[in-house]
Every structure is written in C-alpha cells, then in structure tokens.
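One file, structure_0.cif, is given below (mmCIF, C-alpha atoms).
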```cif
data_query
loop_
_atom_site.group_PDB
_atom_site.id
_atom_site.type_symbol
_atom_site.label_atom_id
_atom_site.label_comp_id
_atom_site.auth_asym_id
_atom_site.auth_seq_id
_atom_site.Cartn_x
_atom_site.Cartn_y
_atom_site.Cartn_z
ATOM 1 C CA MET I 257 305.735 20.760 43.241
ATOM 2 C CA THR I 258 305.727 17.018 43.870
ATOM 3 C CA TYR I 259 305.589 16.536 40.106
ATOM 4 C CA GLN I 260 308.838 18.447 39.598
ATOM 5 C CA ILE I 261 310.592 16.622 42.446
ATOM 6 C CA VAL I 262 309.580 13.224 41.036
ATOM 7 C CA PHE I 263 310.687 14.314 37.566
ATOM 8 C CA GLY I 264 314.070 15.478 38.846
ATOM 9 C CA ALA I 265 314.710 12.355 40.890
ATOM 10 C CA ALA I 266 313.660 10.061 38.055
ATOM 11 C CA SER I 267 315.790 11.908 35.498
ATOM 12 C CA VAL I 268 318.891 11.711 37.706
ATOM 13 C CA LEU I 269 318.192 8.015 38.218
ATOM 14 C CA ALA I 270 317.678 7.474 34.475
ATOM 15 C CA VAL I 271 320.929 9.169 33.450
ATOM 16 C CA VAL I 272 322.995 7.506 36.188
ATOM 17 C CA SER I 273 321.612 4.060 35.380
ATOM 18 C CA ALA I 274 322.129 4.595 31.643
ATOM 19 C CA LEU I 275 325.777 5.459 32.334
ATOM 20 C CA GLY I 276 325.942 2.369 34.515
ATOM 21 C CA VAL I 277 324.737 0.203 31.639
ATOM 22 C CA VAL I 278 327.319 1.589 29.245
ATOM 23 C CA LEU I 279 330.326 1.875 31.556
ATOM 24 C CA SER I 280 329.973 -1.219 33.740
ATOM 25 C CA GLY I 281 332.519 -3.913 32.935
ATOM 26 C CA ASN I 282 330.353 -6.810 34.049
ATOM 27 C CA PRO I 283 327.375 -7.627 31.764
ATOM 28 C CA PHE I 284 325.321 -8.824 34.729
ATOM 29 C CA ARG I 285 325.665 -5.432 36.396
ATOM 30 C CA SER I 286 324.859 -3.716 33.105
ATOM 31 C CA ALA I 287 321.604 -5.676 32.916
ATOM 32 C CA LEU I 288 320.725 -4.755 36.504
ATOM 33 C CA TRP I 289 321.416 -1.081 35.739
ATOM 34 C CA LEU I 290 319.142 -1.361 32.721
ATOM 35 C CA ILE I 291 316.323 -2.632 34.939
ATOM 36 C CA MET I 292 316.712 0.507 37.053
ATOM 37 C CA ASN I 293 316.685 2.608 33.875
ATOM 38 C CA LEU I 294 313.471 0.919 32.724
ATOM 39 C CA ALA I 295 311.873 1.538 36.106
ATOM 40 C CA SER I 296 312.701 5.250 35.976
ATOM 41 C CA LEU I 297 311.314 5.410 32.429
ATOM 42 C CA ALA I 298 308.093 3.838 33.715
ATOM 43 C CA THR I 299 307.971 6.701 36.221
ATOM 44 C CA PHE I 300 308.186 9.169 33.339
ATOM 45 C CA TYR I 301 305.355 7.373 31.567
ATOM 46 C CA LEU I 302 303.231 7.752 34.688
ATOM 47 C CA LEU I 303 304.109 11.461 34.837
ATOM 48 C CA LEU I 304 302.997 11.724 31.197
ATOM 49 C CA ASP I 305 299.603 10.147 32.029
ATOM 50 C CA ALA I 306 300.458 6.974 30.084
ATOM 51 C CA ALA I 307 299.457 4.480 32.765
ATOM 52 C CA PHE I 308 298.962 1.558 30.395
ATOM 53 C CA LEU I 309 302.383 2.046 28.812
ATOM 54 C CA ALA I 310 303.979 2.254 32.257
ATOM 55 C CA ALA I 311 302.419 -1.063 33.220
ATOM 56 C CA ALA I 312 303.429 -2.608 29.886
ATOM 57 C CA GLN I 313 306.975 -1.309 30.371
ATOM 58 C CA VAL I 314 307.302 -2.988 33.751
ATOM 59 C CA ILE I 315 305.607 -6.237 32.703
ATOM 60 C CA VAL I 316 307.139 -6.667 29.243
ATOM 61 C CA TYR I 317 310.587 -5.189 29.754
ATOM 62 C CA ALA I 318 311.501 -5.574 33.384
ATOM 63 C CA GLY I 319 309.482 -8.776 33.640
ATOM 64 C CA ALA I 320 310.143 -10.677 30.420
ATOM 65 C CA VAL I 321 312.945 -9.187 28.340
ATOM 66 C CA MET I 322 315.324 -8.583 31.225
ATOM 67 C CA ILE I 323 314.741 -12.059 32.654
ATOM 68 C CA MET I 324 315.796 -13.447 29.275
ATOM 69 C CA PHE I 325 318.879 -11.217 29.298
ATOM 70 C CA LEU I 326 319.886 -12.262 32.804
ATOM 71 C CA PHE I 327 319.261 -15.905 31.932
ATOM 72 C CA VAL I 328 321.582 -15.761 28.928
ATOM 73 C CA ILE I 329 324.261 -13.810 30.785
ATOM 74 C CA ALA I 330 324.179 -16.341 33.613
ATOM 75 C CA TYR I 331 324.334 -19.160 31.039
ATOM 76 C CA LEU I 332 327.376 -17.649 29.357
ATOM 77 C CA GLY I 333 329.062 -16.964 32.673
ATOM 78 C CA GLY I 334 332.453 -15.296 32.575
ATOM 79 C CA SER I 335 332.780 -15.567 28.813
ATOM 80 C CA ALA I 336 330.253 -12.744 28.443
ATOM 81 C CA ASP I 337 332.710 -10.317 30.021
ATOM 82 C CA GLU I 338 334.232 -7.587 27.948
ATOM 83 C CA PRO I 339 337.236 -8.775 25.924
ATOM 84 C CA THR I 340 340.162 -6.835 27.296
ATOM 85 C CA ARG I 341 341.858 -5.052 24.461
ATOM 86 C CA ASP I 342 342.762 -1.433 24.197
ATOM 87 C CA THR I 343 340.325 0.830 22.431
ATOM 88 C CA PRO I 344 341.966 3.101 19.892
ATOM 89 C CA PRO I 345 341.589 6.728 20.986
ATOM 90 C CA TRP I 346 340.018 7.735 17.688
ATOM 91 C CA GLN I 347 337.170 5.279 18.308
ATOM 92 C CA LEU I 348 336.517 6.906 21.665
ATOM 93 C CA ALA I 349 336.561 10.362 20.087
ATOM 94 C CA VAL I 350 334.222 9.402 17.248
ATOM 95 C CA SER I 351 331.812 7.719 19.666
ATOM 96 C CA LEU I 352 331.696 10.776 21.897
ATOM 97 C CA LEU I 353 331.211 12.951 18.821
ATOM 98 C CA ALA I 354 328.331 10.826 17.517
ATOM 99 C CA GLY I 355 326.586 10.626 20.878
ATOM 100 C CA GLY I 356 327.140 14.298 21.603
ATOM 101 C CA ALA I 357 325.965 15.363 18.153
ATOM 102 C CA ILE I 358 322.534 13.799 18.685
ATOM 103 C CA VAL I 359 322.168 15.466 22.077
ATOM 104 C CA ALA I 360 323.335 18.846 20.757
ATOM 105 C CA GLU I 361 321.026 18.615 17.765
ATOM 106 C CA VAL I 362 317.945 17.930 19.868
ATOM 107 C CA ILE I 363 318.842 20.595 22.408
ATOM 108 C CA VAL I 364 319.268 23.184 19.645
ATOM 109 C CA ALA I 365 315.956 22.082 18.135
ATOM 110 C CA ILE I 366 313.974 22.346 21.359
ATOM 111 C CA ALA I 367 315.668 25.598 22.354
ATOM 112 C CA SER I 368 314.670 27.260 19.087
ATOM 113 C CA HIS I 369 311.018 26.288 19.426
ATOM 114 C CA GLU I 370 308.453 27.803 21.739
ATOM 115 C CA PHE I 371 306.528 25.066 23.551
ATOM 116 C CA THR I 372 303.207 25.679 25.202
ATOM 117 C CA GLY I 373 302.403 24.033 28.505
ATOM 118 C CA GLY I 374 300.547 21.211 26.796
ATOM 119 C CA PRO I 375 296.791 20.684 26.948
ATOM 120 C CA ASP I 376 294.856 19.353 29.883
ATOM 121 C CA VAL I 377 293.854 15.821 28.996
ATOM 122 C CA ALA I 378 290.856 13.801 30.030
ATOM 123 C CA GLY I 379 291.265 11.464 32.979
ATOM 124 C CA SER I 380 290.969 8.460 30.684
ATOM 125 C CA PHE I 381 294.016 9.510 28.633
ATOM 126 C CA GLY I 382 296.563 6.708 28.472
ATOM 127 C CA SER I 383 294.224 4.067 29.848
ATOM 128 C CA ALA I 384 294.106 0.666 28.179
ATOM 129 C CA GLN I 385 290.843 1.631 26.501
ATOM 130 C CA SER I 386 292.059 4.897 25.008
ATOM 131 C CA VAL I 387 295.235 3.204 23.696
ATOM 132 C CA SER I 388 293.410 0.234 22.250
ATOM 133 C CA VAL I 389 290.940 2.296 20.186
ATOM 134 C CA PRO I 390 293.615 3.581 17.745
ATOM 135 C CA LEU I 391 295.615 0.355 18.122
ATOM 136 C CA PHE I 392 292.761 -1.804 16.817
ATOM 137 C CA GLY I 393 291.278 0.878 14.583
ATOM 138 C CA THR I 394 293.570 3.219 12.668
ATOM 139 C CA TYR I 395 296.732 1.193 13.211
ATOM 140 C CA LEU I 396 295.311 -2.310 12.903
ATOM 141 C CA LEU I 397 297.674 -3.156 10.039
ATOM 142 C CA GLY I 398 300.684 -2.054 12.061
ATOM 143 C CA PHE I 399 299.488 -4.140 14.970
ATOM 144 C CA GLU I 400 299.188 -7.219 12.770
ATOM 145 C CA VAL I 401 302.616 -6.633 11.236
ATOM 146 C CA ALA I 402 304.088 -6.307 14.732
ATOM 147 C CA SER I 403 302.557 -9.638 15.699
ATOM 148 C CA VAL I 404 304.045 -11.280 12.598
ATOM 149 C CA VAL I 405 307.433 -9.750 13.463
ATOM 150 C CA LEU I 406 307.172 -11.264 16.945
ATOM 151 C CA LEU I 407 306.275 -14.658 15.464
ATOM 152 C CA VAL I 408 309.201 -14.568 13.052
ATOM 153 C CA ALA I 409 311.532 -13.573 15.888
ATOM 154 C CA ALA I 410 310.266 -16.445 18.029
ATOM 155 C CA VAL I 411 310.863 -18.932 15.197
ATOM 156 C CA GLY I 412 314.271 -17.391 14.564
ATOM 157 C CA GLY I 413 315.163 -17.710 18.214
ATOM 158 C CA VAL I 414 314.295 -21.395 18.178
ATOM 159 C CA VAL I 415 316.298 -21.974 14.976
ATOM 160 C CA LEU I 416 319.321 -20.120 16.330
ATOM 161 C CA GLY I 417 319.178 -21.827 19.696
ATOM 162 C CA ALA I 418 318.578 -25.385 18.455
ATOM 163 C CA ARG I 419 321.426 -27.855 18.594
ATOM 164 C CA ARG I 420 322.637 -28.595 15.116
ATOM 165 C CA PRO I 421 325.030 -31.139 13.624
ATOM 166 C CA GLY I 422 328.622 -30.092 13.431
ATOM 167 C CA PRO I 423 329.991 -28.332 10.382
ATOM 168 C CA ARG I 424 330.027 -30.540 7.286
ATOM 169 C CA ALA I 425 332.436 -30.341 4.446
ATOM 170 C CA PRO I 426 331.507 -27.580 1.987
ATOM 171 C CA GLY I 427 329.534 -28.985 -0.950
ATOM 172 C CA SER I 428 328.540 -32.129 0.902
ATOM 173 C CA THR I 429 325.115 -33.333 -0.244
ATOM 174 C CA GLU I 430 324.896 -36.095 2.336
ATOM 175 C CA PRO I 431 321.827 -35.665 4.489
ATOM 176 C CA PHE I 432 322.415 -35.420 8.199
ATOM 177 C CA VAL I 433 321.417 -38.625 10.033
ATOM 178 C CA PRO I 434 321.132 -38.188 13.776
ATOM 179 C CA ARG I 435 322.783 -40.859 15.897
ATOM 180 C CA GLN I 436 320.229 -43.518 16.792
ATOM 181 C CA PRO I 437 320.066 -44.972 20.279
ATOM 182 C CA GLN I 438 321.110 -48.638 20.177
ATOM 183 C CA LEU I 439 320.086 -51.511 22.327
ATOM 184 C CA VAL I 440 323.053 -52.843 24.279
ATOM 185 C CA PRO I 441 323.093 -56.602 25.078
ATOM 186 C CA GLU I 442 322.883 -57.378 28.765
ATOM 187 C CA ALA I 443 326.396 -58.819 28.891
ATOM 188 C CA GLU I 444 327.983 -55.711 27.424
ATOM 189 C CA LEU I 445 325.993 -53.341 29.573
ATOM 190 C CA GLN I 446 328.475 -53.315 32.426
ATOM 191 C CA THR I 447 331.458 -52.589 30.201
ATOM 192 C CA ALA I 448 329.456 -49.998 28.291
ATOM 193 C CA VAL I 449 328.744 -48.146 31.509
ATOM 194 C CA MET I 450 332.383 -48.349 32.550
ATOM 195 C CA GLU I 451 333.551 -47.170 29.142
ATOM 196 C CA SER I 452 331.122 -44.314 29.076
ATOM 197 C CA GLN I 453 332.336 -43.218 32.475
ATOM 198 C CA THR I 454 335.876 -43.118 31.246
ATOM 199 C CA LEU I 455 335.203 -41.748 27.792
ATOM 200 C CA ILE I 456 332.867 -38.874 28.485
ATOM 201 C CA THR I 457 334.927 -35.807 29.101
ATOM 202 C CA PRO I 458 333.802 -32.238 28.572
ATOM 203 C CA GLU I 459 335.468 -32.353 25.168
ATOM 204 C CA THR I 460 333.765 -35.518 23.895
ATOM 205 C CA ALA I 461 330.438 -34.661 25.511
ATOM 206 C CA ARG I 462 330.230 -31.420 23.604
ATOM 207 C CA SER I 463 331.652 -32.651 20.343
ATOM 208 C CA ASP I 464 328.197 -33.257 18.841
ATOM 209 C CA GLY I 465 327.009 -29.817 19.806
ATOM 210 C CA GLY I 466 328.710 -28.164 16.896
ATOM 211 C CA MET F 289 301.973 19.023 32.212
ATOM 212 C CA LYS F 290 303.767 20.630 35.103
ATOM 213 C CA VAL F 291 307.136 19.945 33.451
ATOM 214 C CA GLY F 292 307.451 21.122 29.865
ATOM 215 C CA VAL F 293 307.652 18.588 27.058
ATOM 216 C CA GLU F 294 311.075 19.994 26.154
ATOM 217 C CA TYR F 295 312.585 18.537 29.331
ATOM 218 C CA PHE F 296 311.259 15.083 28.518
ATOM 219 C CA VAL F 297 312.557 15.304 24.951
ATOM 220 C CA GLY F 298 315.930 16.620 26.098
ATOM 221 C CA LEU F 299 316.239 13.787 28.598
ATOM 222 C CA SER F 300 315.322 11.306 25.900
ATOM 223 C CA ALA F 301 318.076 12.778 23.699
ATOM 224 C CA VAL F 302 320.593 12.375 26.527
ATOM 225 C CA LEU F 303 319.591 8.732 27.036
ATOM 226 C CA PHE F 304 319.773 8.175 23.274
ATOM 227 C CA GLY F 305 323.281 9.668 23.181
ATOM 228 C CA ILE F 306 324.453 7.492 26.069
ATOM 229 C CA GLY F 307 323.059 4.391 24.369
ATOM 230 C CA LEU F 308 324.681 5.318 21.056
ATOM 231 C CA TYR F 309 328.002 5.839 22.829
ATOM 232 C CA GLY F 310 327.640 2.385 24.355
ATOM 233 C CA ILE F 311 326.920 0.780 20.987
ATOM 234 C CA PHE F 312 330.037 2.356 19.525
ATOM 235 C CA ILE F 313 332.463 1.839 22.353
ATOM 236 C CA ARG F 314 331.658 -1.594 23.780
ATOM 237 C CA ARG F 315 332.843 -4.848 22.281
ATOM 238 C CA SER F 316 330.809 -7.435 24.138
ATOM 239 C CA PRO F 317 327.649 -8.240 22.120
ATOM 240 C CA MET F 318 325.618 -8.521 25.326
ATOM 241 C CA ILE F 319 326.332 -4.945 26.336
ATOM 242 C CA ILE F 320 325.726 -3.724 22.790
ATOM 243 C CA LEU F 321 322.258 -5.328 22.963
ATOM 244 C CA LEU F 322 321.644 -3.617 26.309
ATOM 245 C CA SER F 323 322.689 -0.285 24.769
ATOM 246 C CA VAL F 324 320.272 -0.844 21.887
ATOM 247 C CA GLU F 325 317.566 -1.272 24.512
ATOM 248 C CA LEU F 326 318.579 2.099 25.970
ATOM 249 C CA VAL F 327 318.258 3.736 22.553
ATOM 250 C CA LEU F 328 314.842 2.210 21.857
ATOM 251 C CA ASN F 329 313.566 3.266 25.260
ATOM 252 C CA ALA F 330 314.801 6.811 24.713
ATOM 253 C CA ALA F 331 312.815 6.891 21.475
ATOM 254 C CA ASN F 332 309.787 5.572 23.367
ATOM 255 C CA LEU F 333 310.080 8.360 25.922
ATOM 256 C CA ALA F 334 310.052 11.006 23.177
ATOM 257 C CA LEU F 335 307.058 9.344 21.502
ATOM 258 C CA ILE F 336 305.060 9.262 24.715
ATOM 259 C CA ALA F 337 306.031 12.824 25.677
ATOM 260 C CA PHE F 338 304.775 14.141 22.339
ATOM 261 C CA SER F 339 301.704 11.941 22.587
ATOM 262 C CA ARG F 340 300.841 13.699 25.855
ATOM 263 C CA TYR F 341 301.745 17.104 24.421
ATOM 264 C CA ARG F 342 299.419 16.680 21.453
ATOM 265 C CA ASP F 343 296.719 14.845 23.427
ATOM 266 C CA ASP F 344 296.795 12.061 20.845
ATOM 267 C CA ALA F 345 297.070 8.379 21.771
ATOM 268 C CA SER F 346 298.746 7.450 18.437
ATOM 269 C CA GLY F 347 302.177 8.024 19.946
ATOM 270 C CA GLN F 348 301.454 5.426 22.593
ATOM 271 C CA VAL F 349 300.488 2.942 19.882
ATOM 272 C CA PHE F 350 303.846 3.556 18.215
ATOM 273 C CA ALA F 351 305.558 3.047 21.561
ATOM 274 C CA LEU F 352 303.831 -0.328 21.892
ATOM 275 C CA VAL F 353 305.052 -1.326 18.434
ATOM 276 C CA VAL F 354 308.579 -0.232 19.385
ATOM 277 C CA MET F 355 308.337 -2.491 22.443
ATOM 278 C CA ALA F 356 307.370 -5.424 20.200
ATOM 279 C CA VAL F 357 310.284 -4.721 17.857
ATOM 280 C CA ALA F 358 312.668 -4.433 20.822
ATOM 281 C CA ALA F 359 311.515 -7.786 22.189
ATOM 282 C CA SER F 360 312.031 -9.432 18.763
ATOM 283 C CA GLU F 361 315.459 -7.873 18.455
ATOM 284 C CA VAL F 362 316.461 -9.206 21.878
ATOM 285 C CA VAL F 363 315.326 -12.732 20.979
ATOM 286 C CA VAL F 364 317.338 -12.820 17.750
ATOM 287 C CA GLY F 365 320.342 -11.062 19.290
ATOM 288 C CA LEU F 366 320.523 -13.386 22.286
ATOM 289 C CA GLY F 367 320.067 -16.392 19.991
ATOM 290 C CA LEU F 368 323.083 -15.218 17.996
ATOM 291 C CA VAL F 369 325.131 -14.713 21.159
ATOM 292 C CA VAL F 370 324.301 -18.206 22.409
ATOM 293 C CA ALA F 371 325.124 -19.684 18.993
ATOM 294 C CA MET F 372 328.438 -17.808 19.030
ATOM 295 C CA SER F 373 329.354 -19.083 22.458
ATOM 296 C CA ARG F 374 328.369 -22.626 21.476
ATOM 297 C CA ARG F 375 330.852 -22.490 18.625
ATOM 298 C CA ARG F 376 333.356 -21.259 21.200
ATOM 299 C CA ALA F 377 333.814 -18.048 19.281
ATOM 300 C CA GLU F 378 335.184 -15.187 21.293
ATOM 301 C CA LEU F 379 332.352 -12.833 22.246
ATOM 302 C CA ASP F 380 333.963 -9.853 20.569
ATOM 303 C CA VAL F 381 332.207 -8.074 17.731
ATOM 304 C CA ASP F 382 335.511 -6.806 16.330
ATOM 305 C CA ARG F 383 336.680 -10.385 15.763
ATOM 306 C CA LEU F 384 333.396 -11.497 14.231
ATOM 307 C CA ILE F 385 334.207 -10.613 10.667
ATOM 308 C CA ASN F 386 333.226 -13.852 8.906
ATOM 309 C CA LEU F 387 329.700 -15.106 8.469
ATOM 310 C CA ARG F 388 330.938 -18.634 7.879
ATOM 311 C CA ASN F 389 333.499 -20.695 9.785
#
```

Rewritten as structure tokens:
Amino acid sequence: MTYQIVFGAASVLAVVSALGVVLSGNPFRSALWLIMNLASLATFYLLLDAAFLAAAQVIVYAGAVMIMFLFVIAYLGGSADEPTRDTPPWQLAVSLLAGGAIVAEVIVAIASHEFTGGPDVAGSFGSAQSVSVPLFGTYLLGFEVASVVLLVAAVGGVVLGARRPGPRAPGSTEPFVPRQPQLVPEAELQTAVMESQTLITPETARSDGG
Amino acid sequence: MKVGVEYFVGLSAVLFGIGLYGIFIRRSPMIILLSVELVLNAANLALIAFSRYRDDASGQVFALVVMAVAASEVVVGLGLVVAMSRRRAELDVDRLINLRN
C-alpha cells in the first residue's frame, strides 16, 4: 500500500513540476522546478529497484548539471527571460497536437498489451555491481564512446566559452595578435591611471570581448 | 512490482509530451534546454521501468549513457547561450536565423 501511495505522490509531483518547467516565465524558476522533477524521478527509480541510478540521478543531475544551469541563468540575469512576443495560435495548436500525439500513441500501445506483474528480482538488482557488469562487459564499447562524447563536449564548452577576438573582415588572412601588456614609464604612470579611470566605461571595457 | 509497468511508461509518455510541448512553444533557449532535459529524463524512466520489468540490467546501462549524453548536450547548449549573450544577440531562437554575423 505504501508503494502505491509513494507512486501516486511522486507522479503528481513529477507532472506538476514538469508543467512548472514549461509554463514558468522566469528561467530561474523553471530550473528550480526541474530540480523537483528530477527528485521525483529519482523516487521512481528507487521504486523500480534501481538504487544506483537513483543515486546517479541526484548526484549527476541535481548536483552537477542543474548547478551549471543555475550558474548560467544567474550570469545572464534578466536577459535570459522569455522574449515577449505573441505566439501565433497555430504554433500553440501544433505543439499541443505533437505533445498529445505522443501521449495518445503510448497510451493506446500500453492499453492494447497485456502486462504481467513483472518478475520478482534479486535483492542485488540495480546495485552498482549489477549495473557495472553489463556496463564494462557487453556494453564496453558504448561506455567508451560515451566517455569520448563527454570529452568532446567538454572541449567544445571551453571553445565556445573562451573569449575570442572581435569579428574580423571576411577574407582577412591577418593572424590575430593579442594586445601585449606594455611597461609604462614612471612619469606617465599617474596620467595613465587617471586616463584609464576616465576611459574605461562598460562599452570600452567590453569592446575586446567580441 | 506493486504498480504495473504500464503506469510508469504512461507517466513517462506524459512527461515526454510536456517536454516536447515546451520545446515547441518556448522561445528562450534556456527553457528549451530545460525541456530537452525533461524529454531525456522521460526516456530514462521508460528505460528503467522496462529494465525492471524484464529483470535485465541493460536498460540501466542505457539510462547511464543517456545521462552522459544529456550532460554533454547541456555543456554545448549553455556554451552557445553564453556565446550568444556575449555577442549581445537577443536570446530568442526565432531571431537566430543566421549562423554568421
């Protein structure tokens, strides 16, 4: 009985938080709703005897991925908010149709099939050991490919996030030479400081950021 | 399993539909990325439910790989969003129609 109550509570929580993600106007709130959604999914994993996956869900998603999301949303500030323009009604209709079609399709599929109660599994099912045996045995190649994908994504993230020189003229073959720091003579130091105080505005300070 | 696998799969379909709706209807790239996370997690739930139903840990391995792909996708997506905001482009996927300039 407890099992059914936990399932019901977690499913209500999952659907409500998923709607919160999609319908919330503020990206920060959307991210917080998604954390709640991930937590309720971890509950489902525990109900399905997948203890290792539940722990990985909380550590990897709620711990690492969502922190990155919140960091970027906080960095972007108000500019991450939804651009306010009217959505054409046909877009709304097509979106509802596409989302509803998937749900209807799956519901028809599971309604037309007779499911048994599912087997009783050993107590070790879903433990780190029982997951790692196929992970490092049958699916070793997939595991390695996944690690390469992660590496490529990490390199891509660095490349995308690095500061680059501003846009050059198309067809320019001139190599980019970064501005070198220059030694300022002692006598000019005072004026240089005063000039820099007057010259650095948000516009000029960011002009080399591309 | 005291709750049938069909309930887990149906719930995963509902979450998938909500995420798909979000991808279609929202314009802010941040929220589209969050909706993609919803979709991937819905797929994970179905994988793990069937893994339990068939008493086969392979589904959980696939779920782990999906988690790795989702993390990579978030890194690249957020990198693009930060690059967009650095070029002071409006964070609106409908206006982002040029790859260059």

Interface list for chain F, partner chain I, 7 Å threshold, all atoms listed in the file, as number ranges by chain | F: 289-292, 294, 298, 301-303, 305-306, 308-310, 312-313, 315-316, 318-319, 322-323, 337, 340-341, 343, 345-346, 348-349, 353, 356, 359-360, 363-364, 367-368, 370-371, 375, 379-380

Could you please determine the separation between atom CA of Ala318 of chain I and atom CA of Leu396 of chain I in Å, to one decimal place?
->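 Atom-to-atom, atom CA of Ala318 of chain I and atom CA of Leu396 of chain I are spaced 26.3 Å apart.
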
Evaluate the PyMOL selection byres ((chain F and resi 329) around 9) on the structure here and hand back the selected residues as an mmCIF file with C-alpha atoms, in the frame of the given file.
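expr_22.cif was written with the following content:
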```cif
data_model
loop_
_atom_site.group_PDB
_atom_site.id
_atom_site.type_symbol
_atom_site.label_atom_id
_atom_site.label_comp_id
_atom_site.auth_asym_id
_atom_site.auth_seq_id
_atom_site.Cartn_x
_atom_site.Cartn_y
_atom_site.Cartn_z
ATOM 1 C CA LEU I 294 313.471 0.919 32.724
ATOM 2 C CA LEU I 297 311.314 5.410 32.429
ATOM 3 C CA SER F 300 315.322 11.306 25.900
ATOM 4 C CA LEU F 303 319.591 8.732 27.036
ATOM 5 C CA PHE F 304 319.773 8.175 23.274
ATOM 6 C CA VAL F 324 320.272 -0.844 21.887
ATOM 7 C CA GLU F 325 317.566 -1.272 24.512
ATOM 8 C CA LEU F 326 318.579 2.099 25.970
ATOM 9 C CA VAL F 327 318.258 3.736 22.553
ATOM 10 C CA LEU F 328 314.842 2.210 21.857
ATOM 11 C CA ALA F 330 314.801 6.811 24.713
ATOM 12 C CA ALA F 331 312.815 6.891 21.475
ATOM 13 C CA ASN F 332 309.787 5.572 23.367
ATOM 14 C CA LEU F 333 310.080 8.360 25.922
ATOM 15 C CA ALA F 334 310.052 11.006 23.177
ATOM 16 C CA ALA F 351 305.558 3.047 21.561
ATOM 17 C CA VAL F 354 308.579 -0.232 19.385
ATOM 18 C CA MET F 355 308.337 -2.491 22.443
ATOM 19 C CA ALA F 358 312.668 -4.433 20.822
#
```

Can you work out the spacing between atom CA of Leu288 of chain I and atom CA of Ile323 of chain I in Å, to one decimal?
->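 Spanning atom CA of Leu288 of chain I to atom CA of Ile323 of chain I is a straight-line distance of 10.2 Å.
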
Record the distance separating atom CA of Ser380 of chain I and atom CA of Ile261 of chain I, expressed in Å with one decimal.
->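 We find that atom CA of Ser380 of chain I and atom CA of Ile261 of chain I lie 24.3 Å from each other.
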
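Compared by their closest atoms to Leu352 of chain F, and using all atoms listed in the file, the residues I:Met292, I:Leu302, I:Ala384, I:Ala265 rank with I:Ala384 nearest.
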
Residue nearest Glu378 of chain F among F:Pro317, F:Glu361, F:Leu366, F:Phe338 (counting all atoms listed in the file) = F:Pro317
